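What's in query-v1.txt: compact mmCIF, C-alpha atoms
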```txt
# COMPACT_ATOMS: atom_id res chain seq x y z
CA MET A 1 -25.05 13.68 5.39
CA ARG A 2 -23.74 10.51 7.04
CA ALA A 3 -24.00 12.18 10.47
CA ALA A 4 -27.60 13.13 9.79
CA ALA A 5 -28.32 9.57 8.71
CA ASP A 6 -26.89 8.19 11.96
CA LEU A 7 -28.91 10.70 13.97
CA CYS A 8 -32.19 9.87 12.21
CA ARG A 9 -31.81 6.11 12.11
CA ARG A 10 -32.40 5.74 15.87
CA SER A 11 -35.83 7.35 15.67
CA LEU A 12 -36.90 5.77 12.37
CA SER A 13 -37.83 2.30 13.59
CA SER A 14 -40.65 3.50 15.87
CA VAL A 15 -41.96 5.92 13.21
CA LEU A 16 -41.96 3.22 10.51
CA ARG A 17 -43.58 0.67 12.82
CA ARG A 18 -46.42 3.08 13.52
CA SER A 19 -46.93 3.85 9.83
CA CYS A 20 -46.91 0.16 8.90
CA ARG A 21 -49.41 -0.68 11.61
CA LEU A 22 -52.01 1.69 10.14
CA TYR A 23 -52.62 -0.75 7.32
CA CYS A 24 -53.89 -3.64 9.43
CA THR A 25 -55.37 -1.99 12.50
CA ASP A 26 -57.87 0.12 10.60
CA GLN A 27 -61.06 -1.94 10.76
CA ASN A 28 -63.38 0.60 9.14
CA SER A 29 -63.80 -0.42 5.50
CA ARG A 30 -65.09 3.06 4.66
CA VAL A 31 -61.67 4.55 5.36
CA LYS A 32 -59.68 4.55 2.14
CA ILE A 33 -55.91 4.23 2.35
CA PHE A 34 -55.07 3.38 -1.25
CA ASP A 35 -56.15 4.96 -4.51
CA ARG A 36 -57.56 1.93 -6.29
CA ASN A 37 -58.03 3.78 -9.58
CA LEU A 38 -54.37 4.84 -9.56
CA LYS A 39 -53.32 1.29 -8.72
CA ARG A 40 -55.27 0.02 -11.74
CA LYS A 41 -53.43 2.55 -13.95
CA GLN A 42 -50.10 1.46 -12.47
CA ARG A 43 -50.97 -2.15 -13.30
CA ASP A 44 -51.85 -1.05 -16.86
CA ARG A 45 -48.44 0.56 -17.16
CA ALA A 46 -46.75 -2.50 -15.67
CA ALA A 47 -48.35 -4.67 -18.36
CA TRP A 48 -46.55 -2.61 -21.01
CA LEU A 49 -43.24 -2.50 -19.15
CA MET A 50 -43.15 -6.07 -17.87
CA SER A 51 -40.60 -8.37 -19.48
CA SER A 52 -41.31 -12.04 -20.11
CA LYS A 53 -39.64 -13.05 -16.83
CA ASP A 54 -38.92 -11.29 -13.55
CA SER A 55 -36.62 -13.16 -11.18
CA LEU A 56 -38.26 -11.79 -8.03
CA LEU A 57 -41.83 -12.53 -9.14
CA ASP A 58 -40.75 -15.95 -10.39
CA ALA A 59 -39.16 -16.77 -7.02
CA VAL A 60 -42.31 -15.78 -5.10
CA ALA A 61 -44.53 -17.72 -7.52
CA GLU A 62 -42.31 -20.80 -7.29
CA ASN A 63 -42.42 -20.75 -3.49
CA LEU A 64 -46.19 -20.37 -3.55
CA LEU A 65 -46.57 -23.28 -5.96
CA ASP A 66 -44.23 -25.41 -3.82
CA ARG A 67 -46.70 -25.01 -0.97
CA LEU A 68 -49.50 -26.09 -3.30
CA GLU A 69 -47.49 -29.13 -4.31
CA ASP A 70 -46.98 -30.08 -0.65
CA CYS A 71 -50.75 -30.64 -0.32
CA LYS A 72 -51.86 -34.22 -0.95
CA LYS A 73 -55.31 -32.95 -1.93
CA THR A 74 -55.96 -31.78 -5.50
CA PHE A 75 -57.83 -28.63 -6.48
CA PRO A 76 -59.61 -28.90 -9.85
CA THR A 77 -60.59 -25.20 -9.94
CA ALA A 78 -58.40 -22.28 -8.90
CA LEU A 79 -58.65 -18.48 -8.89
CA CYS A 80 -55.35 -16.61 -9.33
CA MET A 81 -54.97 -12.88 -8.73
CA GLY A 82 -52.19 -10.46 -7.85
CA VAL A 83 -48.76 -9.28 -8.90
CA SER A 84 -47.35 -12.76 -9.71
CA LEU A 85 -50.29 -13.54 -12.00
CA GLU A 86 -48.36 -14.37 -15.16
CA ALA A 87 -45.53 -16.10 -13.27
CA ILE A 88 -48.04 -18.44 -11.58
CA ARG A 89 -49.60 -19.35 -14.92
CA ARG A 90 -46.23 -19.98 -16.55
CA LEU A 91 -44.74 -22.02 -13.70
CA LEU A 92 -47.84 -24.05 -12.75
CA HIS A 93 -46.77 -27.21 -14.63
CA GLY A 94 -49.77 -29.26 -13.52
CA ARG A 95 -49.19 -28.79 -9.80
CA GLY A 96 -52.19 -29.07 -7.48
CA GLY A 97 -54.19 -31.07 -10.02
CA ILE A 98 -55.68 -27.82 -11.34
CA GLU A 99 -57.95 -28.35 -14.35
CA LYS A 100 -59.63 -24.93 -14.52
CA LEU A 101 -57.67 -21.74 -13.84
CA LEU A 102 -59.39 -18.36 -13.56
CA MET A 103 -56.95 -15.44 -13.82
CA MET A 104 -58.14 -12.10 -12.45
CA ASP A 105 -56.71 -8.58 -12.27
CA THR A 106 -58.05 -5.04 -11.92
CA SER A 107 -56.08 -4.06 -15.01
CA HIS A 108 -57.52 -4.83 -18.44
CA ASP A 109 -54.05 -4.56 -19.98
CA MET A 110 -52.56 -7.01 -17.48
CA VAL A 111 -55.31 -9.53 -18.16
CA LYS A 112 -54.76 -9.06 -21.90
CA LEU A 113 -51.02 -9.67 -21.42
CA CYS A 114 -51.74 -12.94 -19.58
CA GLU A 115 -54.21 -13.98 -22.27
CA GLN A 116 -51.66 -13.36 -25.02
CA ALA A 117 -49.03 -15.31 -23.07
CA GLU A 118 -51.47 -18.22 -22.72
CA GLN A 119 -52.11 -18.22 -26.45
CA SER A 120 -48.38 -18.29 -27.28
CA LEU A 121 -47.43 -20.81 -24.58
CA PRO A 122 -50.55 -22.61 -23.31
CA ASN A 123 -50.76 -24.65 -20.12
CA LYS A 124 -51.42 -28.24 -21.13
CA ASN A 125 -54.53 -29.88 -19.68
CA VAL A 126 -55.58 -26.64 -17.95
CA GLU A 127 -58.65 -24.69 -19.08
CA THR A 128 -57.69 -21.05 -18.48
CA SER A 129 -60.17 -18.16 -18.31
CA PHE A 130 -59.55 -14.44 -17.81
CA ILE A 131 -61.56 -11.78 -16.02
CA VAL A 132 -61.13 -8.09 -15.12
CA ALA A 133 -62.35 -7.51 -11.56
CA ASP A 134 -61.43 -5.95 -8.21
CA GLU A 135 -59.94 -7.98 -5.35
CA GLU A 136 -62.16 -6.05 -2.93
CA PHE A 137 -65.33 -7.25 -4.70
CA LEU A 138 -64.75 -10.78 -5.94
CA PRO A 139 -67.12 -11.67 -8.81
CA VAL A 140 -67.55 -15.28 -7.66
CA LYS A 141 -70.46 -16.92 -5.91
CA GLU A 142 -70.24 -18.36 -2.42
CA SER A 143 -69.39 -21.99 -2.44
CA GLN A 144 -62.52 -19.02 -4.09
CA GLY A 145 -52.23 -7.97 -4.90
CA LEU A 146 -53.96 -8.15 -1.50
CA HIS A 147 -51.43 -5.73 0.06
CA TRP A 148 -53.04 -2.93 -1.99
CA THR A 149 -56.64 -3.49 -0.79
CA ASN A 150 -58.28 -0.94 1.51
CA ASP A 151 -60.25 -3.62 3.37
CA LEU A 152 -57.87 -6.56 3.63
CA PRO A 153 -59.95 -8.46 6.24
CA GLY A 154 -63.03 -8.04 4.04
CA ALA A 155 -61.16 -9.32 0.99
CA MET A 156 -59.97 -12.33 2.99
CA ILE A 157 -63.53 -13.09 4.12
CA GLN A 158 -64.74 -12.92 0.52
CA SER A 159 -61.95 -15.30 -0.46
CA ARG A 160 -63.04 -17.80 2.20
CA LEU A 161 -66.70 -17.59 1.15
CA ALA A 162 -65.72 -18.18 -2.48
CA LEU A 163 -63.91 -21.42 -1.55
CA LYS A 164 -65.64 -24.76 -1.61
CA PRO A 165 -65.61 -26.68 1.70
CA ASP A 166 -62.06 -27.94 2.34
CA GLY A 167 -60.82 -25.45 -0.28
CA LEU A 168 -57.40 -23.85 0.12
CA LEU A 169 -56.27 -20.22 0.18
CA LEU A 170 -52.63 -19.62 -0.71
CA ALA A 171 -51.56 -15.99 -0.49
CA ALA A 172 -48.31 -14.05 -0.65
CA ILE A 173 -48.22 -10.41 0.43
CA LEU A 174 -45.37 -7.97 0.97
CA GLY A 175 -44.47 -7.57 4.65
CA GLY A 176 -43.50 -4.52 6.68
CA GLU A 177 -39.74 -5.03 6.24
CA THR A 178 -40.04 -4.63 2.47
CA LEU A 179 -37.86 -1.83 1.05
CA ARG A 180 -36.61 -0.90 4.52
CA GLU A 181 -33.46 0.59 2.97
CA LEU A 182 -35.49 2.86 0.70
CA ARG A 183 -37.78 3.90 3.56
CA ILE A 184 -34.78 4.98 5.64
CA ALA A 185 -33.13 6.81 2.73
CA CYS A 186 -36.37 8.63 1.83
CA THR A 187 -36.99 9.70 5.42
CA VAL A 188 -33.45 10.96 5.98
CA ALA A 189 -33.43 12.87 2.68
CA GLN A 190 -36.82 14.51 3.32
CA MET A 191 -35.86 15.56 6.84
CA GLU A 192 -32.64 17.08 5.49
CA ARG A 193 -34.09 18.85 2.45
CA GLU A 194 -37.68 19.61 3.47
CA GLY A 195 -37.61 19.60 7.27
CA GLY A 196 -40.30 16.92 7.52
CA ILE A 197 -41.58 13.72 5.99
CA SER A 198 -44.54 12.75 3.82
CA PRO A 199 -45.63 9.20 2.96
CA ARG A 200 -43.64 7.98 -0.03
CA LEU A 201 -43.96 4.24 0.55
CA SER A 202 -47.09 2.30 1.42
CA PRO A 203 -47.66 0.88 4.91
CA LEU A 204 -47.57 -2.92 4.87
CA ALA A 205 -48.76 -5.75 7.10
CA GLN A 206 -46.53 -7.09 9.86
CA VAL A 207 -45.89 -10.82 10.24
CA ARG A 208 -47.83 -11.00 13.50
CA ASP A 209 -50.89 -9.54 11.76
CA ALA A 210 -51.07 -12.23 9.07
CA GLY A 211 -52.22 -15.02 11.40
CA ASN A 212 -54.78 -12.68 12.96
CA LEU A 213 -56.13 -11.88 9.48
CA LEU A 214 -56.63 -15.56 8.67
CA THR A 215 -58.33 -16.25 12.01
CA ARG A 216 -60.54 -13.16 11.78
CA ALA A 217 -61.60 -14.14 8.26
CA GLY A 218 -62.71 -17.56 9.58
CA PHE A 219 -60.08 -19.79 7.97
CA SER A 220 -59.29 -23.08 9.65
CA LEU A 221 -55.78 -24.53 10.04
CA PRO A 222 -54.12 -21.13 9.43
CA GLY A 223 -50.41 -21.09 8.65
CA VAL A 224 -47.94 -18.23 8.16
CA ASP A 225 -44.29 -18.21 7.18
CA VAL A 226 -41.90 -15.59 5.85
CA ASP A 227 -39.18 -15.35 3.22
CA GLU A 228 -36.86 -12.43 2.58
CA TYR A 229 -35.41 -11.71 -0.85
CA THR A 230 -32.51 -9.33 -1.36
CA VAL A 231 -32.28 -7.92 -4.87
CA ARG A 232 -29.21 -5.91 -5.90
CA TYR A 233 -29.45 -2.92 -8.22
CA ASN A 234 -26.89 -0.68 -9.90
CA SER A 235 -28.64 2.43 -8.60
CA ALA A 236 -31.73 3.67 -6.77
CA LEU A 237 -33.17 4.69 -10.14
CA GLU A 238 -32.97 1.08 -11.34
CA LEU A 239 -34.86 -0.01 -8.21
CA ILE A 240 -37.64 2.52 -8.89
CA GLU A 241 -37.90 1.34 -12.50
CA HIS A 242 -38.26 -2.24 -11.29
CA LEU A 243 -41.06 -1.21 -8.92
CA ARG A 244 -42.83 0.49 -11.83
CA THR A 245 -42.42 -2.62 -13.96
CA MET A 246 -44.11 -4.67 -11.23
CA GLY A 247 -46.85 -2.06 -10.70
CA GLU A 248 -45.67 -1.58 -7.11
CA THR A 249 -45.16 2.17 -6.86
CA ASN A 250 -46.90 4.43 -4.34
CA ALA A 251 -50.72 4.47 -4.50
CA LEU A 252 -51.58 6.16 -1.19
CA LEU A 253 -54.52 8.55 -1.30
CA GLN A 254 -52.63 11.00 0.94
CA ARG A 255 -49.45 10.86 -1.10
CA SER A 256 -47.60 13.97 -2.21
CA ASN A 257 -47.84 14.35 -5.98
CA ILE A 258 -44.60 16.32 -6.19
CA LEU A 259 -41.13 14.95 -5.49
CA LYS A 260 -38.53 17.70 -5.53
CA ARG A 261 -35.46 17.02 -7.62
CA ASP A 262 -33.14 17.86 -4.70
CA THR A 263 -34.99 15.39 -2.46
CA ALA A 264 -34.84 12.65 -5.07
CA LEU A 265 -31.09 13.14 -5.60
CA ALA A 266 -30.53 13.25 -1.83
CA THR A 267 -32.48 10.01 -1.41
CA ALA A 268 -30.25 8.26 -3.95
CA ALA A 269 -27.13 9.66 -2.27
CA VAL A 270 -28.22 8.59 1.21
CA TYR A 271 -29.17 5.15 -0.09
CA GLU A 272 -25.73 4.70 -1.62
CA SER A 273 -23.80 6.06 1.35
CA MET A 274 -25.64 3.90 3.88
CA PHE A 275 -26.18 0.63 2.02
CA ALA A 276 -23.94 0.35 -1.06
CA ALA A 277 -21.69 -2.72 -1.30
CA GLU A 278 -18.03 -2.63 -2.31
CA ASP A 279 -18.97 -3.33 -5.93
CA GLY A 280 -21.19 -0.24 -5.97
CA THR A 281 -24.52 -2.07 -6.07
CA ILE A 282 -27.30 -1.33 -3.59
CA PRO A 283 -29.52 -3.94 -1.90
CA ALA A 284 -33.31 -3.84 -1.63
CA THR A 285 -35.12 -6.13 0.78
CA PHE A 286 -38.46 -7.69 -0.15
CA GLN A 287 -40.15 -9.45 2.75
CA VAL A 288 -42.87 -11.83 1.55
CA ILE A 289 -45.44 -13.25 3.97
CA PHE A 290 -46.96 -16.53 2.81
CA MET A 291 -50.38 -17.38 4.25
CA THR A 292 -52.26 -20.68 4.14
CA GLY A 293 -55.87 -21.15 5.20
CA TRP A 294 -58.65 -23.67 4.59
CA ARG A 295 -62.41 -23.41 4.43
CA GLU A 296 -63.89 -25.47 7.22
CA HIS A 297 -64.81 -29.10 6.54
CA PRO A 298 -65.75 -32.00 8.88
CA SER A 299 -62.77 -34.06 7.68
CA GLN A 300 -60.22 -31.50 8.93
CA GLN A 301 -58.24 -31.90 12.13
CA ARG A 302 -59.75 -30.13 15.11
CA ALA A 303 -58.50 -29.27 18.55
CA LYS A 304 -60.08 -31.35 21.30
CA ARG A 305 -62.57 -29.69 23.64
CA ARG A 306 -60.85 -27.94 26.53
CA GLY A 307 -60.70 -30.24 29.55
CA SER A 308 -61.26 -33.45 27.57
CA ALA A 309 -57.73 -34.82 28.12
CA THR A 310 -57.52 -38.29 29.71
CA LEU A 311 -53.79 -38.15 30.50
CA SER A 312 -52.00 -35.49 32.53
CA PHE A 313 -48.53 -34.12 31.87
CA LYS A 314 -47.41 -35.63 35.18
CA ASP A 315 -48.43 -39.07 33.95
CA ILE A 316 -46.55 -38.52 30.69
CA GLN A 317 -43.48 -37.40 32.63
CA LYS A 318 -43.58 -40.54 34.79
CA GLN A 319 -44.14 -42.75 31.74
CA PHE A 320 -40.92 -41.51 30.15
CA GLY A 321 -38.90 -41.70 33.37
CA GLY A 322 -38.77 -38.02 34.05
CA GLY A 323 -40.67 -38.09 37.33
CA SER A 324 -39.00 -37.37 40.66
```
Let me see whether you can do it: turn the structure in this file into structure tokens.
Amino acid sequence: MRAAADLCRRSLSSVLRRSCRLYCTDQNSRVKIFDRNLKRKQRDRAAWLMSSKDSLLDAVAENLLDRLEDCKKTFPTALCMGVSLEAIRRLLHGRGGIEKLLMMDTSHDMVKLCEQAEQSLPNKNVETSFIVADEEFLPVKESQGLHWTNDLPGAMIQSRLALKPDGLLLAAILGGETLRELRIACTVAQMEREGGISPRLSPLAQVRDAGNLLTRAGFSLPGVDVDEYTVRYNSALELIEHLRTMGETNALLQRSNILKRDTALATAAVYESMFAAEDGTIPATFQVIFMTGWREHPSQQRAKRRGSATLSFKDIQKQFGGGS
């Protein structure tokens, strides 16, 4: 099995890169990659399985809120949606000067969970509202879990149009390096047991695509940075259970509905043989891409018109004694 893993690993990177790229290069919104109805059901299930705190979701939410806190500007009204919904609400602590918080999810049960949490532990000085809606069709007028949307550029454009002038978009999506260990283990096991591969994990955006998304959607002052989180589990089964708890299991339309027992056991065995630490735990990588974008406003910094410079680089070089 180890020999097969070594043989397959060399060809995996190009295969995985191609599969990941499908997510962002498809510009036809009529093409459906994800089963949105299934994703809603997975979020319903996650609402029942989710514990009060999840260290991974809390870490992502905290990093997102740190970026909000870095802004000198305040934002009286905010729309929050996605996997870290409840963590954002719980960890907000008055950051960003938010006075009205609208929490949105496709899952009725997830929204109900957040509403119950707000009732038991309310955010002081923040008026919180709850709504069930789809990220692909934002129910907000112009004048506001993106990695699961079929039309990510369209969702980003809607987000920009929903923002007030000089409004801020803060987003965190899973990047293409997420669960790379599981992707490799699944591929090796399927090639061994079934003689081919079928999509078991969703394609995700690459870092280089994030800036293009912001620019294409019309955001000004776009910014992108990346964090990687390594979570250790006792077994591959524990990892899968955690993904279910977060509502992050496979929702591809072209997924295979049957996972053979032999393939599942082989996946766990390959995972352990290739990645297990000395203490027996296995690592799982979560790459999170943080994106920042603003709706255009006259007060924002702008690049000067091309050719408008009054000082050449040669003059600057001479001024600082670097000239020949």
key: Best match for closeness to Leu56 (chain A) among A:Leu113, A:Ala171, A:Leu239, A:Val231, counting all atoms listed in the file   =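 Nearest to Leu56 (chain A): A:Val231.
Each of A:Met103, A:Leu214, A:Val111, A:Met246 was compared to Gln158 (chain A) using all atoms listed in the file, and A:Leu214 turns out to be the nearest.
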task = Using only C-alpha atoms, collect all residues at a distance of at most 12 Å from (-56.2, -21.1, -23.9) as written in the file, then present them as a ChimeraX atom specification.
result = /A:89,100-103,114-130
query = Which one is closest to Thr281 (chain A): A:Lys260, A:Thr245, A:Glu238, A:Asp54? Count all atoms listed in the file.
reply = A:Glu238
message = Between CA of Arg261 (chain A) and CA of Arg244 (chain A), what is the distance in Å, rounded to a tenth?
response =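 Separating CA of Arg261 (chain A) from CA of Arg244 (chain A) is a distance of 18.6 Å.
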message = Around (-47.7, -11.3, -10.7), as given in the file, which residues come within 12 Å? Count all atoms listed in the file and list them as a ChimeraX atom specification.
response = /A:43,46-47,50-62,64,80-91,103-105,107,110-111,113-114,145-146,171-173,245-248
Would you give me, as JSON lines, each residue of region 184-205 of chain A having an atom within 12 Å of an atom of region 269-274 of chain A, along with its shortest atom pair and that distance in Å to one decimal, using all atoms listed in the file and sorting by chain and residue number?
```
{"residue": "A:Ile184", "atom": "CA", "partner": "A:Tyr271", "partner_atom": "CA", "distance": 8.0}
{"residue": "A:Ala185", "atom": "CA", "partner": "A:Tyr271", "partner_atom": "CA", "distance": 5.1}
{"residue": "A:Cys186", "atom": "CA", "partner": "A:Val270", "partner_atom": "CA", "distance": 8.2}
{"residue": "A:Thr187", "atom": "CA", "partner": "A:Val270", "partner_atom": "CA", "distance": 9.8}
{"residue": "A:Val188", "atom": "CA", "partner": "A:Val270", "partner_atom": "CA", "distance": 7.5}
{"residue": "A:Ala189", "atom": "CA", "partner": "A:Val270", "partner_atom": "CA", "distance": 6.9}
{"residue": "A:Gln190", "atom": "CA", "partner": "A:Val270", "partner_atom": "CA", "distance": 10.7}
{"residue": "A:Met191", "atom": "CA", "partner": "A:Val270", "partner_atom": "CA", "distance": 11.8}
{"residue": "A:Glu192", "atom": "CA", "partner": "A:Val270", "partner_atom": "CA", "distance": 10.5}
{"residue": "A:Arg193", "atom": "CA", "partner": "A:Val270", "partner_atom": "CA", "distance": 11.9}
```
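Going from CA of Ile240 (chain A) over to CA of Ala266 (chain A), you cover 14.7 Å.
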query = Which distance in Å separates CA of Ser159 (chain A) and CA of Gly218 (chain A), to one decimal?
reply =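 Going from CA of Ser159 (chain A) over to CA of Gly218 (chain A), I get 10.3 Å.
Summary of the local environment: counting only C-alpha atoms, residues at most 6 Å from Ile282 (chain A), other than itself and those fewer than 2 positions away along its chain, are Arg232, Tyr233 and Ala276 of chain A.
With distances restricted to only C-alpha atoms, A:Thr292 is the closest residue to Leu168 (chain A) from A:Thr292, A:Thr249, A:Thr285, A:Gln301.
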remark   = If you count all atoms listed in the file, the residue of A:Lys72, A:Arg40, A:Arg302, A:Arg208 closest to Ser220 (chain A) turns out to be A:Arg302
